[in-house]
Every structure is written in C-alpha cells, then in structure tokens.
Amino acid sequence: MIIIGEKINGTIPSVGKAIAAKDADFIRNLAKVQAEAGANFIDVCASVEDSLELETLKWLIDLVQEVTDTPIAIDSPNVRIFAEAIKYCNKPGLINSVSMEGDKVEVVFPLIADTKWECAALLCDDTGIPQNAEKSLEVFTSIMKKAKEYNIDPSRLHIDPLVQMLCTSEVGINNVVEVIKEIKAQYPTIHITGGASNISYNLPARKLVNQAFIVLAMNAGMDSAIIDPLNRDMMGMIYATEALLGEDEYCMEYIGAYREDKFGVKK
C-alpha cells in the first residue's frame, strides 16, 4: 500500500494554527514522524488565502525536506500553483490533484508529461461527482485519453473514485468496488487511491467504518491511500490485509511492522 501522509494540512486546526504562527518545529515534527511511520509521500496542503498559498507551500516544503527525503505530495485546489511549487521539491513527488473539471488536466498533464512526477486524478467533471459506476468510468476514460495524449504512463496515476459518505448512500460502497475492479482490469499498473476517512462522516465510531472500508477497498484493488500513518490501528489493518491478499511474502512485512511496534495492539 502506498501511504500518502495527510497530517500537514492547514484545514486541521492544530496545523492551521502552526502555519499562522510559523511554528517550524511543529511542521518538521509532523513530517519526521509520518516518514518514520512509513509514509511514501508527505502531503503538504497550505489551506490559506490565494495570495499567501505559494509562499506558504514553499515554507512547508522546505521544512519537510529538512528532516526527510520522503517525496512531497503537493496538495492544492489551484492547479496553476503546481508549476511553481514543484520547483521547490528536491525530487519528483505527487501532484494532488487533477480532474476533468474545467481545464485542470490541460494545465497539469503537460507540466508533468516529461517528468517522473506522479498525479492523483479525481473521477469528477463539470457535472459534479458521478452518482453511479457507469458515469465514473466515463470520466475515467476521458482522463486516460488525456494521459495517453501526453504520454503519461498509467503507473504514474493515482485514480481517486471519490468515496462519499456511507450514511447517505443507498448501495454502500458497491459502486466504488465496481469502479476499482474495472479500472484495475483495464490498467493493472495504475494506482487507486482515496481518503479513507471520507466514508465515515457523520457516523459514530468512525474508525471502525474507516478500517472496514480500507479492507474492502484493498480487496477490490486499492493500493494507495491518503491516511494518517500515525494511526496504528489503521496501519495494522493495512499490513494484515496485504498479508491476507498474498501481497506480503511469508508475512515478512507484517511481522517486521509488528516487531517495530507499528500496530495498535499490545505485544
């Protein structure tokens, strides 16, 4: 599982406060502990007013790179900021994100076409978030047509089917599972990602729903997730699921993670 560490995000109150106060040590520590916990990318999202976003992203990226060489996931709703923000990164990372809304793909795909940068792509367009699997797959087809146009290999894309709240869904995650399976059947090397916590909004005991979702999604083919790598219960569930799916030879990763005390269980 590719772990995109979600904790450096200005929408989180404690992080927003640290950004406003320019608390560099707070940000450095968040980067360090996520990398140590196994994050493959460190997501960096400023969530400040437009006029301050680029300088804030540079400040955050510089702080992360002071304490870890884990690649950066640059996270912004403004796709035009990526062209400048990638200049601050020491190595290729992940653009988070594009979609078929407006000209987002036309801005980002040419930018990363001849690089090793990866990209998260959301399955939505100008009509909004699809409400059925058929529409989601139509959007996916459009994204892949653009990727081919810019010679972007499927292995560099992380497709986000946009999981919605379980409490407002009539079919649970059946549509999401259908979409994941079909995408992986068409492009075995592509990645499927998403925010694991989206599923449980407005439900009690959210962590149980999140953990159940990640197991079902991984079984369908999800291999990338935007999560808190410090959540030891979730990380334990991911290691266990990989072992059960035959993706961990002789359970060595699972055993190693347990020995390193990465799980939320007592030895």
# chains A, B, ... in the order shown; residues from 1 in each chain; ligands from 1
call {"tool": "select_by_dssp", "arguments": {"residues": "region 127-249 of chain A", "states": "alpha helix (DSSP H)", "output": "PyMOL selection string"}}
result
chain A and resi 133-149+174-186+206-220+232-244
call {"tool": "write_last_selection", "arguments": {"atoms": "C-alpha atoms", "output": "mmCIF file, in the first residue's frame"}}
result
data_model
loop_
_atom_site.group_PDB
_atom_site.id
_atom_site.type_symbol
_atom_site.label_atom_id
_atom_site.label_comp_id
_atom_site.auth_asym_id
_atom_site.auth_seq_id
_atom_site.Cartn_x
_atom_site.Cartn_y
_atom_site.Cartn_z
ATOM 1 C CA ALA A 133 -20.309 3.475 -11.602
ATOM 2 C CA GLU A 134 -21.104 3.971 -15.280
ATOM 3 C CA LYS A 135 -20.591 7.731 -15.110
ATOM 4 C CA SER A 136 -17.423 7.345 -13.023
ATOM 5 C CA LEU A 137 -15.959 5.062 -15.670
ATOM 6 C CA GLU A 138 -16.870 7.552 -18.402
ATOM 7 C CA VAL A 139 -14.863 10.209 -16.575
ATOM 8 C CA PHE A 140 -12.022 7.732 -16.110
ATOM 9 C CA THR A 141 -11.973 7.033 -19.848
ATOM 10 C CA SER A 142 -11.676 10.761 -20.530
ATOM 11 C CA ILE A 143 -8.762 11.077 -18.085
ATOM 12 C CA MET A 144 -6.919 8.155 -19.666
ATOM 13 C CA LYS A 145 -7.437 9.585 -23.148
ATOM 14 C CA LYS A 146 -5.684 12.756 -21.967
ATOM 15 C CA ALA A 147 -2.941 10.751 -20.244
ATOM 16 C CA LYS A 148 -2.230 8.914 -23.487
ATOM 17 C CA GLU A 149 -2.172 12.211 -25.377
ATOM 18 C CA ASN A 174 -20.741 -1.316 -4.177
ATOM 19 C CA ASN A 175 -20.322 1.306 -6.901
ATOM 20 C CA VAL A 176 -16.823 2.163 -5.709
ATOM 21 C CA VAL A 177 -15.824 -1.515 -5.684
ATOM 22 C CA GLU A 178 -17.196 -1.935 -9.212
ATOM 23 C CA VAL A 179 -15.237 1.097 -10.423
ATOM 24 C CA ILE A 180 -11.996 -0.018 -8.761
ATOM 25 C CA LYS A 181 -12.208 -3.528 -10.201
ATOM 26 C CA GLU A 182 -12.941 -2.307 -13.719
ATOM 27 C CA ILE A 183 -10.115 0.252 -13.658
ATOM 28 C CA LYS A 184 -7.594 -2.333 -12.446
ATOM 29 C CA ALA A 185 -8.814 -4.785 -15.091
ATOM 30 C CA GLN A 186 -8.184 -2.213 -17.816
ATOM 31 C CA ARG A 206 -15.759 6.361 12.633
ATOM 32 C CA LYS A 207 -12.503 4.458 12.941
ATOM 33 C CA LEU A 208 -14.347 1.128 12.683
ATOM 34 C CA VAL A 209 -16.018 2.152 9.428
ATOM 35 C CA ASN A 210 -12.726 3.501 8.059
ATOM 36 C CA GLN A 211 -10.900 0.260 8.816
ATOM 37 C CA ALA A 212 -13.656 -1.884 7.309
ATOM 38 C CA PHE A 213 -13.623 0.297 4.200
ATOM 39 C CA ILE A 214 -9.884 0.030 3.688
ATOM 40 C CA VAL A 215 -10.064 -3.782 3.847
ATOM 41 C CA LEU A 216 -12.898 -3.966 1.284
ATOM 42 C CA ALA A 217 -11.258 -1.377 -0.979
ATOM 43 C CA MET A 218 -7.878 -3.126 -0.870
ATOM 44 C CA ASN A 219 -9.585 -6.404 -1.739
ATOM 45 C CA ALA A 220 -11.079 -4.669 -4.804
ATOM 46 C CA ARG A 232 -1.543 2.470 14.395
ATOM 47 C CA ASP A 233 -4.888 0.644 14.209
ATOM 48 C CA MET A 234 -5.286 1.574 10.543
ATOM 49 C CA MET A 235 -1.675 0.753 9.689
ATOM 50 C CA GLY A 236 -2.005 -2.616 11.391
ATOM 51 C CA MET A 237 -5.139 -3.333 9.375
ATOM 52 C CA ILE A 238 -3.324 -2.450 6.152
ATOM 53 C CA TYR A 239 -0.364 -4.720 6.914
ATOM 54 C CA ALA A 240 -2.726 -7.567 7.875
ATOM 55 C CA THR A 241 -4.838 -7.130 4.726
ATOM 56 C CA GLU A 242 -1.774 -7.139 2.472
ATOM 57 C CA ALA A 243 -0.682 -10.409 4.088
ATOM 58 C CA LEU A 244 -4.141 -11.949 3.639
#
call {"tool": "residues_around", "arguments": {"residues": "region 95-109 of chain A", "least_positions_apart": "2", "cutoff": "6 Å", "atoms": "only C-alpha atoms", "output": "compact mmCIF listing (two decimals) with C-alpha atoms, in the first residue's frame"}}
result
# COMPACT_ATOMS: atom_id res chain seq x y z
CA ALA A 73 2.63 15.40 -2.41
CA ILE A 74 1.77 18.99 -3.34
CA ASP A 75 -1.89 19.49 -2.45
CA LEU A 111 3.51 20.08 -16.79
CA ILE A 112 4.41 16.55 -15.70
CA ALA A 113 4.46 14.87 -19.14
CA CYS A 119 -0.52 12.57 -10.14
CA ALA A 120 -3.75 11.94 -8.27
CA ALA A 121 -6.77 12.19 -10.59
CA LEU A 122 -10.30 12.57 -9.25
CA CYS A 124 -15.36 14.07 -11.45
CA ASP A 125 -16.05 16.58 -14.21
CA ASP A 126 -18.04 19.75 -14.79
call {"tool": "select_by_dssp", "arguments": {"residues": "region 20-100 of chain A", "states": "strand (DSSP E or B)", "output": "count of residues only"}}
result
16
call {"tool": "atom_distance", "arguments": {"atom1": "CA of Asp261 (chain A)", "atom2": "CA of Ala37 (chain A)"}}
result
10.0 Å
call {"tool": "residues_around", "arguments": {"residues": "region 3-13 of chain A", "least_positions_apart": "2", "cutoff": "6 Å", "atoms": "only C-alpha atoms", "output": "PDB file with N, CA and C atoms, in the first residue's frame"}}
result
ATOM      1  N   VAL A  15      -2.738  22.342  12.776  1.00  0.00           N
ATOM      2  CA  VAL A  15      -1.791  22.656  11.705  1.00  0.00           C
ATOM      3  C   VAL A  15      -2.028  24.073  11.186  1.00  0.00           C
ATOM      4  N   GLY A  16      -3.293  24.441  11.035  1.00  0.00           N
ATOM      5  CA  GLY A  16      -3.611  25.801  10.617  1.00  0.00           C
ATOM      6  C   GLY A  16      -3.035  26.820  11.581  1.00  0.00           C
ATOM      7  N   ALA A  39       5.170   6.542   5.733  1.00  0.00           N
ATOM      8  CA  ALA A  39       4.571   7.282   4.619  1.00  0.00           C
ATOM      9  C   ALA A  39       5.473   7.239   3.396  1.00  0.00           C
ATOM     10  N   ASN A  40       4.873   7.021   2.224  1.00  0.00           N
ATOM     11  CA  ASN A  40       5.615   7.035   0.965  1.00  0.00           C
ATOM     12  C   ASN A  40       5.662   8.425   0.349  1.00  0.00           C
ATOM     13  N   PHE A  41       4.664   9.245   0.688  1.00  0.00           N
ATOM     14  CA  PHE A  41       4.612  10.647   0.291  1.00  0.00           C
ATOM     15  C   PHE A  41       4.162  11.444   1.506  1.00  0.00           C
ATOM     16  N   ILE A  42       4.652  12.673   1.639  1.00  0.00           N
ATOM     17  CA  ILE A  42       4.182  13.587   2.675  1.00  0.00           C
ATOM     18  C   ILE A  42       3.324  14.644   1.989  1.00  0.00           C
ATOM     19  N   ASP A  43       2.014  14.592   2.229  1.00  0.00           N
ATOM     20  CA  ASP A  43       1.109  15.573   1.633  1.00  0.00           C
ATOM     21  C   ASP A  43       1.303  16.926   2.312  1.00  0.00           C
ATOM     22  N   VAL A  44       1.348  17.979   1.509  1.00  0.00           N
ATOM     23  CA  VAL A  44       1.536  19.338   2.017  1.00  0.00           C
ATOM     24  C   VAL A  44       0.437  20.221   1.436  1.00  0.00           C
ATOM     25  N   CYS A  45      -0.456  20.665   2.298  1.00  0.00           N
ATOM     26  CA  CYS A  45      -1.591  21.488   1.878  1.00  0.00           C
ATOM     27  C   CYS A  45      -1.648  22.733   2.746  1.00  0.00           C
ATOM     28  N   ALA A  46      -1.519  23.908   2.141  1.00  0.00           N
ATOM     29  CA  ALA A  46      -1.431  25.155   2.907  1.00  0.00           C
ATOM     30  C   ALA A  46      -2.784  25.605   3.460  1.00  0.00           C
ATOM     31  N   SER A  47      -3.817  25.560   2.611  1.00  0.00           N
ATOM     32  CA  SER A  47      -5.167  25.999   3.007  1.00  0.00           C
ATOM     33  C   SER A  47      -5.144  27.411   3.592  1.00  0.00           C
ATOM     34  N   SER A 224      -3.339   2.565  -2.799  1.00  0.00           N
ATOM     35  CA  SER A 224      -2.815   3.871  -2.409  1.00  0.00           C
ATOM     36  C   SER A 224      -3.879   4.524  -1.541  1.00  0.00           C
ATOM     37  N   ALA A 225      -3.465   5.218  -0.490  1.00  0.00           N
ATOM     38  CA  ALA A 225      -4.466   5.834   0.377  1.00  0.00           C
ATOM     39  C   ALA A 225      -3.921   7.082   1.050  1.00  0.00           C
ATOM     40  N   ILE A 226      -4.788   8.071   1.182  1.00  0.00           N
ATOM     41  CA  ILE A 226      -4.456   9.302   1.891  1.00  0.00           C
ATOM     42  C   ILE A 226      -4.947   9.120   3.319  1.00  0.00           C
ATOM     43  N   ILE A 227      -4.026   8.825   4.212  1.00  0.00           N
ATOM     44  CA  ILE A 227      -4.397   8.498   5.592  1.00  0.00           C
ATOM     45  C   ILE A 227      -3.390   9.101   6.571  1.00  0.00           C
ATOM     46  N   ASP A 228      -3.697   8.924   7.844  1.00  0.00           N
ATOM     47  CA  ASP A 228      -2.784   9.305   8.920  1.00  0.00           C
ATOM     48  C   ASP A 228      -1.890   8.102   9.219  1.00  0.00           C
ATOM     49  N   PRO A 229      -0.622   8.125   8.838  1.00  0.00           N
ATOM     50  CA  PRO A 229       0.246   6.972   9.093  1.00  0.00           C
ATOM     51  C   PRO A 229       0.555   6.760  10.568  1.00  0.00           C
TER      52      PRO A 229
END
call {"tool": "residues_around", "arguments": {"residues": "Thr70 (chain A)", "least_positions_apart": "5", "cutoff": "10 Å", "atoms": "only C-alpha atoms", "output": "JSON, numbers by chain"}}
result
{"A": [31, 32, 34, 35, 36, 38, 39, 40, 41, 42, 64, 65, 90, 91, 93]}
call {"tool": "write_last_selection", "arguments": {"atoms": "C-alpha atoms", "output": "PDB file, in the first residue's frame"}}
result
ATOM      1  CA  ALA A  31       6.957  15.386   8.616  1.00  0.00           C
ATOM      2  CA  LYS A  32       9.504  13.350  10.573  1.00  0.00           C
ATOM      3  CA  GLN A  34       4.980  10.430   9.310  1.00  0.00           C
ATOM      4  CA  ALA A  35       8.076   9.396   7.389  1.00  0.00           C
ATOM      5  CA  GLU A  36       9.177   7.182  10.269  1.00  0.00           C
ATOM      6  CA  GLY A  38       6.040   4.506   6.774  1.00  0.00           C
ATOM      7  CA  ALA A  39       4.571   7.282   4.619  1.00  0.00           C
ATOM      8  CA  ASN A  40       5.615   7.035   0.965  1.00  0.00           C
ATOM      9  CA  PHE A  41       4.612  10.647   0.291  1.00  0.00           C
ATOM     10  CA  ILE A  42       4.182  13.587   2.675  1.00  0.00           C
ATOM     11  CA  VAL A  64       9.627  18.806   5.318  1.00  0.00           C
ATOM     12  CA  GLN A  65      12.784  18.413   3.239  1.00  0.00           C
ATOM     13  CA  ASN A  90      14.243  18.120  -4.355  1.00  0.00           C
ATOM     14  CA  LYS A  91      12.812  15.112  -6.185  1.00  0.00           C
ATOM     15  CA  GLY A  93       6.632  13.552  -5.950  1.00  0.00           C
TER      16      GLY A  93
END
call {"tool": "closest_residue", "arguments": {"among": "A:Leu63, A:Ser51, A:Cys167, A:Pro154", "to": "Phe26 (chain A)", "atoms": "only C-alpha atoms"}}
result
A:Leu63
call {"tool": "atom_distance", "arguments": {"atom1": "CA of Lys262 (chain A)", "atom2": "CA of Asp248 (chain A)"}}
result
16.2 Å
call {"tool": "atom_distance", "arguments": {"atom1": "CA of Asp160 (chain A)", "atom2": "CA of Leu230 (chain A)"}}
result
22.0 Å
